[in-house]
Structures are given as C-alpha cells and as structure tokens.
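Let me begin by presenting the structure, written as structure tokens, before commenting on it.
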Amino acid sequence: MSDAPPLGLYVHWPYCAKICPYCDFNVYRVRREEEPAALARAMLDDLAAQAELTGPRRLVSVFFGGGTPSLMEPDWAGEIVAAARRLWAPAGDLEVSLEANPTDAEAARFAAFAAAGVNRLSLGLQALDDASLAFLGRNHDAATGVRATTAAARAFPRLSLDLIYARPGQTPERWAAELRQAVELGAEHLSPYQLTIEAGTAFDRAVRRGRFTPADPELGAALYETTQATLEGLGFTAYEVSNHARGAAARSRHNLVYWRGWDYLGVGPGAHGRITRHGVRHATLGEMRPADYLARVAAIGTGFPALEALSPRDAAEERVLSGLRIDDGVPRAELTALELDPARIARLIELGLLADDPERLRATPAGRLVLDALTADLLT
Ligand SMILES: C[S@@+](CC[C@H](N)C(=O)[O-])C[C@H]1O[C@@H](n2cnc3c(N)ncnc32)[C@H](O)[C@@H]1O
Ligand code: SF4
C-alpha cells in the first residue's frame, strides 16, 4: 500500500425529482419504482469488484454526487460507506460528502444521513431569491433553501453551498450581498458556478429561440471578480477556480483527489475512475443509463469493470488539465512525458498567467480566469 496513491470513491446517484433546465449531468427521473433499490445493491457488487483492481489502499474520501443523492434511502448510503470502509483502509479523518437539494422532504432526512456516516453536506442552494430560483427552474423557493441550509449546518460538521451566478439581471452589488448571506448561513465552503448554457439543455433551446440572453462575457468576468473579492474579504481562499474554503481544513478533500492526480473509483451510471496499477494509470467508465449499468454489473467477471491503460502523455495531459485548477499546481517532474516547450512557458510567465516557479507548473489567479485558453496553449 506504501507507494500506491491514496484513493477517493465517487458514487453517482443519477435520479432527480425534476430535471433543471440548465443541467447536462447524467440524470434521470425514476421510471421503474424498483430500480433505485436495485441500483444501490449493484453499487455494492461493483465496489467489491473494483477492490480487486486497486488492491489495498488508504481511502481518504467518499463522495455521493448526482443527480440527487439526498433522494437515496439513508440506509443505502450507510451500507455503501460501511462497505468502502471494509474494502479499503479508511483515513482517520475520512471525508464522506453527499450532494443534496434543499427541499423540506430532503432536509427532514439530514439527521439520518449524518447517522449513516455522512460528515459533509454539499447543498445545491443555487440562489437566494425567488425570481432567480424560478428562472433556474428549481423545485424550491428561497425560504425553503434558507431552512434547509440552517438544518444542514446543524446536522453536519461541514457544509458547502453551490450557487449559480451570471443570471439575467444580476448586478455585482446584489451578487456580493447574496454571497455574504450564504456565508452567514453557516457554510465553510462555497462553490459559485457561472451559469453555462450547455448544448442540448432546455436553456440551450430557450437561448436559441431568443427567450433570454445569457450574461455577456464582461458581466460574467465582473461577477467572477466580485466573487473573488467578496469571499476573500470574508476569510475564504479561492483554492480552485470555483471553490472557496474558509481555512485549509474546509477544502474539499474529494475534489483535491482529482486535482492532485490521486486515484479514484467511480461507481454508478456514468461514473468514471482512475486507477494506477504497476505504475500505469488506467481509466474505468460505467454505462451511462441505469438499466445498462445494472446489466453490466450483473455480468461482473466477464470483462466488467473494464480498465483502459492511459499513455504517459495522456496521463500527463490530465495532470495539467486538473492540476492547474488549484493554486498548488502540478510538480513539473510529473509532466516530463509532455516535453513542454520552455520558451512557451517563459512567455506565459511573462504574461502573468503562470507563476515563476521552477518546481511546479502553477497558474496565477489571472491564468485561472482564462484556464481553458491557457491549457490549450500549453498542450498544443
Ligand atoms: C450535479 S449538480 C448536483 C447538485 C444537486 N442535484 C442540486 O441540483 O442541488 C452540481 C452543481 O452543478 C452546478 N451546475 C449544474 N449545471 C450547471 C450549469 N449549466 N451552469 C452552472 N452551474 C451548473 C449547480 O450549482 C449544481 O449544484
Ligand atoms: S441541477 Fe441537480 S437537481 Fe437539477 S437536474 Fe442537475 S443534478 Fe438534478
């Protein structure tokens, strides 16, 4: 176990009570009543099969994401956490996160999730005013969101809130006030995401039909700056492009697993993983549709879960794409397969987009603002 990377576990719960018009995650309405329970059972089988692939590891994080995992039965989440603890050696401070939507029905189950071992809630608050929540097609209003946040802050030692900004009509002043209110509700971690119009979503169709116009890039950039300045003023560090934590202990250990290039397993429909075996990084991917995933898990032992070896170059490219998102960056020694051009790096340092650090490739805050262009420039 000594030199194998630590392990994170991602569990994808794909069901939602209502599909939001901006969302392009792998999500479904429940169509067959018995399917969710079958999925929870299949995840336990999948976990055991994947433990054969990893060998002994130190488990640092379990993350229930979705979809809406707060719609799971808390007992199912508890069984998955217990199985993961049996299959790998849990770190003393194992982080167990669950994404939740802020309806009253879900808030009523927070205590049961905490008893099942969840110690960090990531609540999809999205906005704190009714007009914005209606625009975003959410199935809760602002008062319900505040109630759920208060209940979550009581039930869990750690609370993170997701917010969506760059909504029509939003001003930097109103956004700063909303961020302050979110912090006052008891969050130690905030993930404010700029609204993205994803291809194939209801918002994509609405924009193409002229029903609304997304915020222009200048307003988006101004709201991003407002986010950084407001949260910094409240004692939060932007340790990643869209993630702000009050102190190092409040950072999401699970996301750091991705951004530091450690190994992670994915169970559930569409969940992917990265497993290092004999020094080679491998990818795993679950079937996207729940019914297909159930069929594949039923066929464990006949090629499932499948491993695909990544070339050293592909593995190093992934390190750049994920590592430049965090302020720590990536040790340059991990990027030798890329044969990065020193003159190009020197130019990006001169432009103020990369930090002048001989040990690590690190984006500056200005570089993280244009991360897609920066990584494209580095990798071509
Ligand atoms: C997978 S969702 C799960 C959270 C939970 N189901 C909920 O809706 O509250 C994770 C987060 O991604 C963000 N998100 C999803 N689609 C987005 C989009 N198109 N633009 C910006 N943020 C988005 C939302 O903030 C959401 O809370
Ligand atoms: S934002 Fe959350 S609730 Fe809405 S569709 Fe996406 S995963 Fe489901």
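Going through the structure tokens in order, the chains are called A, B, and so on, while each chain numbers its residues from 1 and the ligands are numbered from 1 in the order shown.
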
- Task: Compile the contact shell of Leu234 of chain A as a VMD selection string: residues with an atom at most 9 Å away, counting only C-alpha atoms, same-chain residues fewer than 2 positions apart removed.
- Result: chain A and resid 180 183 229 to 232 236 246

Output all heavy atoms for every residue in that selection, as a CSV table (one decimal), in the first residue's frame.
chain,number,residue,atom,x,y,z
A,180,ARG,N,-22.6,37.1,0.8
A,180,ARG,CA,-22.5,37.4,2.2
A,180,ARG,C,-23.5,36.6,3.0
A,180,ARG,O,-23.3,36.0,4.0
A,180,ARG,CB,-22.5,38.9,2.5
A,180,ARG,CG,-21.2,39.6,2.3
A,180,ARG,CD,-21.2,41.0,2.9
A,180,ARG,NE,-22.1,41.9,2.1
A,180,ARG,CZ,-21.6,42.6,1.0
A,180,ARG,NH1,-20.4,42.5,0.6
A,180,ARG,NH2,-22.5,43.3,0.4
A,183,VAL,N,-22.7,32.9,3.3
A,183,VAL,CA,-21.7,32.6,4.3
A,183,VAL,C,-22.3,32.7,5.7
A,183,VAL,O,-22.0,31.9,6.6
A,183,VAL,CB,-20.5,33.6,4.1
A,183,VAL,CG1,-19.6,33.6,5.3
A,183,VAL,CG2,-19.8,33.3,2.8
A,229,ALA,N,-13.3,38.8,-4.7
A,229,ALA,CA,-13.1,39.9,-3.7
A,229,ALA,C,-14.0,39.7,-2.5
A,229,ALA,O,-13.5,39.9,-1.4
A,229,ALA,CB,-13.3,41.3,-4.4
A,230,THR,N,-15.3,39.4,-2.7
A,230,THR,CA,-16.2,39.3,-1.6
A,230,THR,C,-15.8,38.2,-0.7
A,230,THR,O,-15.7,38.3,0.6
A,230,THR,CB,-17.6,39.1,-2.1
A,230,THR,OG1,-17.9,40.1,-3.1
A,230,THR,CG2,-18.6,39.1,-1.0
A,231,LEU,N,-15.5,37.0,-1.3
A,231,LEU,CA,-15.2,35.9,-0.4
A,231,LEU,C,-13.8,36.0,0.2
A,231,LEU,O,-13.7,35.6,1.4
A,231,LEU,CB,-15.3,34.6,-1.2
A,231,LEU,CG,-16.8,34.3,-1.7
A,231,LEU,CD1,-16.8,33.0,-2.5
A,231,LEU,CD2,-17.7,34.1,-0.5
A,232,GLU,N,-12.9,36.6,-0.4
A,232,GLU,CA,-11.6,36.8,0.2
A,232,GLU,C,-11.8,37.8,1.4
A,232,GLU,O,-11.3,37.5,2.5
A,232,GLU,CB,-10.7,37.5,-0.8
A,232,GLU,CG,-9.2,37.2,-0.5
A,232,GLU,CD,-8.3,37.8,-1.5
A,232,GLU,OE1,-8.4,37.5,-2.7
A,232,GLU,OE2,-7.4,38.7,-1.1
A,236,PHE,N,-12.3,33.7,3.0
A,236,PHE,CA,-12.3,32.4,2.2
A,236,PHE,C,-11.1,32.5,1.2
A,236,PHE,O,-10.8,33.6,0.6
A,236,PHE,CB,-13.6,32.3,1.4
A,236,PHE,CG,-14.7,31.8,2.3
A,236,PHE,CD1,-15.2,32.6,3.3
A,236,PHE,CD2,-15.3,30.5,2.0
A,236,PHE,CE1,-16.3,32.1,4.1
A,236,PHE,CE2,-16.3,30.1,2.8
A,236,PHE,CZ,-16.8,30.9,3.8
A,246,ARG,N,-13.0,28.3,3.8
A,246,ARG,CA,-12.5,29.1,5.0
A,246,ARG,C,-11.5,28.2,5.7
A,246,ARG,O,-11.9,27.4,6.6
A,246,ARG,CB,-13.7,29.4,5.9
A,246,ARG,CG,-13.5,30.4,6.9
A,246,ARG,CD,-14.7,30.7,7.7
A,246,ARG,NE,-15.2,32.0,7.5
A,246,ARG,CZ,-16.4,32.4,7.8
A,246,ARG,NH1,-17.3,31.6,8.2
A,246,ARG,NH2,-16.7,33.7,7.6

- Query: What lies within 12 Å of Arg29 of chain A using only C-alpha atoms, ignoring chain neighbours under 3 positions off, as a VMD selection string?
  - Reply: chain A and resid 13 to 20 26 32 to 33 35 to 36 67 to 68 71 289 to 290

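In terms of minimum interatomic distance to Ser311 of chain A, A:His282 ranks closest within A:Ile275, A:His282, A:Asp3, A:Ala291, counting only C-alpha atoms.
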
Using only C-alpha atoms and all ligand atoms, tabulate the residues of chain A lying at most 8 Å from any atom of ligand 1, each with its closest atom pair and that distance in Å to one decimal, by chain and increasing residue number, as JSON lines.
{"residue": "A:Cys16", "atom": "CA", "partner": "ligand 1", "partner_atom_place_in_ligand_line": "6 (N)", "distance": 6.9}
{"residue": "A:Cys20", "atom": "CA", "partner": "ligand 1", "partner_atom_place_in_ligand_line": "8 (O)", "distance": 7.5}
{"residue": "A:Tyr22", "atom": "CA", "partner": "ligand 1", "partner_atom_place_in_ligand_line": "19 (N)", "distance": 4.4}
{"residue": "A:Cys23", "atom": "CA", "partner": "ligand 1", "partner_atom_place_in_ligand_line": "16 (N)", "distance": 4.1}
{"residue": "A:Asp24", "atom": "CA", "partner": "ligand 1", "partner_atom_place_in_ligand_line": "16 (N)", "distance": 6.3}
{"residue": "A:Phe25", "atom": "CA", "partner": "ligand 1", "partner_atom_place_in_ligand_line": "1 (C)", "distance": 6.0}
{"residue": "A:Gly65", "atom": "CA", "partner": "ligand 1", "partner_atom_place_in_ligand_line": "3 (C)", "distance": 6.4}
{"residue": "A:Gly66", "atom": "CA", "partner": "ligand 1", "partner_atom_place_in_ligand_line": "1 (C)", "distance": 4.9}
{"residue": "A:Gly67", "atom": "CA", "partner": "ligand 1", "partner_atom_place_in_ligand_line": "6 (N)", "distance": 4.8}
{"residue": "A:Thr68", "atom": "CA", "partner": "ligand 1", "partner_atom_place_in_ligand_line": "6 (N)", "distance": 4.2}
{"residue": "A:Pro69", "atom": "CA", "partner": "ligand 1", "partner_atom_place_in_ligand_line": "6 (N)", "distance": 7.4}
{"residue": "A:Glu99", "atom": "CA", "partner": "ligand 1", "partner_atom_place_in_ligand_line": "4 (C)", "distance": 5.5}
{"residue": "A:Ala100", "atom": "CA", "partner": "ligand 1", "partner_atom_place_in_ligand_line": "5 (C)", "distance": 5.4}
{"residue": "A:Asn101", "atom": "CA", "partner": "ligand 1", "partner_atom_place_in_ligand_line": "9 (O)", "distance": 4.2}
{"residue": "A:Pro102", "atom": "CA", "partner": "ligand 1", "partner_atom_place_in_ligand_line": "9 (O)", "distance": 7.0}
{"residue": "A:Ser122", "atom": "CA", "partner": "ligand 1", "partner_atom_place_in_ligand_line": "4 (C)", "distance": 7.7}
{"residue": "A:Leu123", "atom": "CA", "partner": "ligand 1", "partner_atom_place_in_ligand_line": "9 (O)", "distance": 5.9}
{"residue": "A:Gly124", "atom": "CA", "partner": "ligand 1", "partner_atom_place_in_ligand_line": "9 (O)", "distance": 3.0}
{"residue": "A:Leu125", "atom": "CA", "partner": "ligand 1", "partner_atom_place_in_ligand_line": "9 (O)", "distance": 6.2}
{"residue": "A:Gln126", "atom": "CA", "partner": "ligand 1", "partner_atom_place_in_ligand_line": "25 (O)", "distance": 5.6}
{"residue": "A:Leu161", "atom": "CA", "partner": "ligand 1", "partner_atom_place_in_ligand_line": "27 (O)", "distance": 8.0}
{"residue": "A:Asp162", "atom": "CA", "partner": "ligand 1", "partner_atom_place_in_ligand_line": "25 (O)", "distance": 4.7}
{"residue": "A:Leu163", "atom": "CA", "partner": "ligand 1", "partner_atom_place_in_ligand_line": "25 (O)", "distance": 5.1}
{"residue": "A:Ile164", "atom": "CA", "partner": "ligand 1", "partner_atom_place_in_ligand_line": "25 (O)", "distance": 5.3}
{"residue": "A:Tyr165", "atom": "CA", "partner": "ligand 1", "partner_atom_place_in_ligand_line": "21 (C)", "distance": 7.6}
{"residue": "A:Ser191", "atom": "CA", "partner": "ligand 1", "partner_atom_place_in_ligand_line": "25 (O)", "distance": 7.3}
{"residue": "A:Pro192", "atom": "CA", "partner": "ligand 1", "partner_atom_place_in_ligand_line": "25 (O)", "distance": 7.0}
{"residue": "A:Tyr193", "atom": "CA", "partner": "ligand 1", "partner_atom_place_in_ligand_line": "22 (N)", "distance": 4.8}
{"residue": "A:Gln194", "atom": "CA", "partner": "ligand 1", "partner_atom_place_in_ligand_line": "21 (C)", "distance": 5.1}
{"residue": "A:Leu195", "atom": "CA", "partner": "ligand 1", "partner_atom_place_in_ligand_line": "20 (N)", "distance": 3.7}
{"residue": "A:Thr196", "atom": "CA", "partner": "ligand 1", "partner_atom_place_in_ligand_line": "20 (N)", "distance": 4.0}
{"residue": "A:Ile197", "atom": "CA", "partner": "ligand 1", "partner_atom_place_in_ligand_line": "19 (N)", "distance": 5.5}
{"residue": "A:Glu198", "atom": "CA", "partner": "ligand 1", "partner_atom_place_in_ligand_line": "19 (N)", "distance": 5.7}

Selected residues, N, CA, C and O atoms, written as a CSV table (one decimal), in the first residue's frame, please.
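Okay, result-v2.csv is ready:
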chain,number,residue,atom,x,y,z
A,16,CYS,N,-33.2,12.4,-10.2
A,16,CYS,CA,-33.7,13.8,-9.7
A,16,CYS,C,-35.2,13.8,-9.8
A,16,CYS,O,-35.8,13.2,-10.6
A,20,CYS,N,-33.5,20.1,-14.0
A,20,CYS,CA,-33.3,21.5,-14.2
A,20,CYS,C,-32.9,21.9,-15.6
A,20,CYS,O,-32.2,21.2,-16.3
A,22,TYR,N,-30.9,23.9,-17.0
A,22,TYR,CA,-29.5,24.2,-17.3
A,22,TYR,C,-28.6,23.0,-17.2
A,22,TYR,O,-27.5,23.1,-17.6
A,23,CYS,N,-29.1,21.9,-16.7
A,23,CYS,CA,-28.2,20.8,-16.2
A,23,CYS,C,-28.0,19.8,-17.3
A,23,CYS,O,-28.9,19.3,-18.0
A,24,ASP,N,-26.7,19.4,-17.6
A,24,ASP,CA,-26.4,18.4,-18.5
A,24,ASP,C,-25.7,17.2,-17.9
A,24,ASP,O,-24.9,16.5,-18.5
A,25,PHE,N,-25.8,17.1,-16.6
A,25,PHE,CA,-25.2,15.9,-15.9
A,25,PHE,C,-26.0,14.6,-16.3
A,25,PHE,O,-27.1,14.7,-16.9
A,65,GLY,N,-22.5,11.9,-5.4
A,65,GLY,CA,-22.9,13.0,-6.2
A,65,GLY,C,-24.0,12.6,-7.2
A,65,GLY,O,-24.4,11.4,-7.2
A,66,GLY,N,-24.5,13.6,-7.9
A,66,GLY,CA,-25.6,13.2,-8.8
A,66,GLY,C,-25.8,14.1,-10.0
A,66,GLY,O,-24.9,14.8,-10.4
A,67,GLY,N,-27.0,14.1,-10.4
A,67,GLY,CA,-28.2,13.6,-9.7
A,67,GLY,C,-28.4,14.2,-8.3
A,67,GLY,O,-27.8,15.2,-7.9
A,68,THR,N,-29.3,13.5,-7.6
A,68,THR,CA,-29.7,14.0,-6.3
A,68,THR,C,-29.6,12.9,-5.3
A,68,THR,O,-30.6,12.2,-5.0
A,69,PRO,N,-28.4,12.7,-4.7
A,69,PRO,CA,-28.2,11.5,-3.8
A,69,PRO,C,-29.0,11.7,-2.5
A,69,PRO,O,-29.2,10.8,-1.7
A,99,GLU,N,-24.3,15.2,-1.9
A,99,GLU,CA,-24.9,16.4,-2.5
A,99,GLU,C,-26.4,16.3,-2.2
A,99,GLU,O,-27.0,15.2,-2.3
A,100,ALA,N,-27.0,17.4,-1.9
A,100,ALA,CA,-28.4,17.4,-1.5
A,100,ALA,C,-29.1,18.6,-2.2
A,100,ALA,O,-28.5,19.6,-2.5
A,101,ASN,N,-30.4,18.4,-2.5
A,101,ASN,CA,-31.2,19.5,-2.9
A,101,ASN,C,-32.0,20.0,-1.7
A,101,ASN,O,-32.4,19.3,-0.8
A,102,PRO,N,-32.3,21.3,-1.7
A,102,PRO,CA,-32.9,21.9,-0.4
A,102,PRO,C,-34.4,21.9,-0.3
A,102,PRO,O,-35.0,22.9,0.0
A,122,SER,N,-23.1,18.9,0.7
A,122,SER,CA,-22.9,19.9,-0.3
A,122,SER,C,-24.3,20.2,-0.8
A,122,SER,O,-24.9,19.4,-1.5
A,123,LEU,N,-24.8,21.4,-0.5
A,123,LEU,CA,-26.2,21.7,-0.7
A,123,LEU,C,-26.3,22.6,-1.9
A,123,LEU,O,-25.7,23.6,-2.0
A,124,GLY,N,-27.2,22.2,-2.8
A,124,GLY,CA,-27.4,23.0,-4.1
A,124,GLY,C,-28.4,24.1,-3.9
A,124,GLY,O,-29.6,24.1,-4.3
A,125,LEU,N,-27.9,25.2,-3.2
A,125,LEU,CA,-28.8,26.3,-2.9
A,125,LEU,C,-29.1,27.1,-4.2
A,125,LEU,O,-30.2,27.6,-4.4
A,126,GLN,N,-28.1,27.3,-5.0
A,126,GLN,CA,-28.2,28.0,-6.3
A,126,GLN,C,-28.4,29.5,-6.3
A,126,GLN,O,-27.8,30.2,-7.0
A,161,LEU,N,-21.9,25.1,0.0
A,161,LEU,CA,-23.1,25.6,-0.7
A,161,LEU,C,-22.7,25.8,-2.2
A,161,LEU,O,-21.7,26.4,-2.5
A,162,ASP,N,-23.6,25.3,-3.1
A,162,ASP,CA,-23.4,25.6,-4.6
A,162,ASP,C,-24.3,26.8,-4.9
A,162,ASP,O,-25.5,26.8,-4.5
A,163,LEU,N,-23.8,27.7,-5.6
A,163,LEU,CA,-24.6,28.9,-6.1
A,163,LEU,C,-24.3,29.0,-7.6
A,163,LEU,O,-23.2,28.6,-8.1
A,164,ILE,N,-25.3,29.5,-8.3
A,164,ILE,CA,-25.1,29.8,-9.8
A,164,ILE,C,-25.2,31.3,-10.0
A,164,ILE,O,-26.2,31.9,-9.6
A,165,TYR,N,-24.2,31.9,-10.6
A,165,TYR,CA,-24.3,33.3,-10.9
A,165,TYR,C,-24.2,33.6,-12.4
A,165,TYR,O,-24.2,32.7,-13.2
A,191,SER,N,-19.2,27.0,-3.5
A,191,SER,CA,-18.8,26.7,-4.9
A,191,SER,C,-19.8,27.5,-5.8
A,191,SER,O,-20.9,27.1,-6.2
A,192,PRO,N,-19.4,28.8,-6.1
A,192,PRO,CA,-20.2,29.6,-7.0
A,192,PRO,C,-19.8,29.3,-8.5
A,192,PRO,O,-18.6,29.4,-8.9
A,193,TYR,N,-20.8,28.8,-9.3
A,193,TYR,CA,-20.5,28.4,-10.7
A,193,TYR,C,-21.1,29.5,-11.6
A,193,TYR,O,-22.3,29.8,-11.4
A,194,GLN,N,-20.4,29.9,-12.6
A,194,GLN,CA,-21.0,30.8,-13.6
A,194,GLN,C,-22.0,30.0,-14.5
A,194,GLN,O,-21.6,28.9,-14.9
A,195,LEU,N,-23.2,30.5,-14.7
A,195,LEU,CA,-24.2,29.8,-15.5
A,195,LEU,C,-23.6,29.5,-16.9
A,195,LEU,O,-23.2,30.4,-17.6
A,196,THR,N,-23.6,28.2,-17.2
A,196,THR,CA,-23.1,27.8,-18.5
A,196,THR,C,-24.3,27.3,-19.3
A,196,THR,O,-25.1,26.5,-18.8
A,197,ILE,N,-24.4,27.7,-20.6
A,197,ILE,CA,-25.5,27.2,-21.4
A,197,ILE,C,-25.0,25.9,-22.1
A,197,ILE,O,-24.2,26.0,-23.0
A,198,GLU,N,-25.4,24.8,-21.6
A,198,GLU,CA,-24.9,23.5,-22.1
A,198,GLU,C,-25.7,23.1,-23.3
A,198,GLU,O,-26.9,23.1,-23.3

- Query: Expressed in Å to a single decimal, how great is the separation between atom CA of Leu128 of chain A and atom CA of His140 of chain A?
  - Reply: 10.4 Å
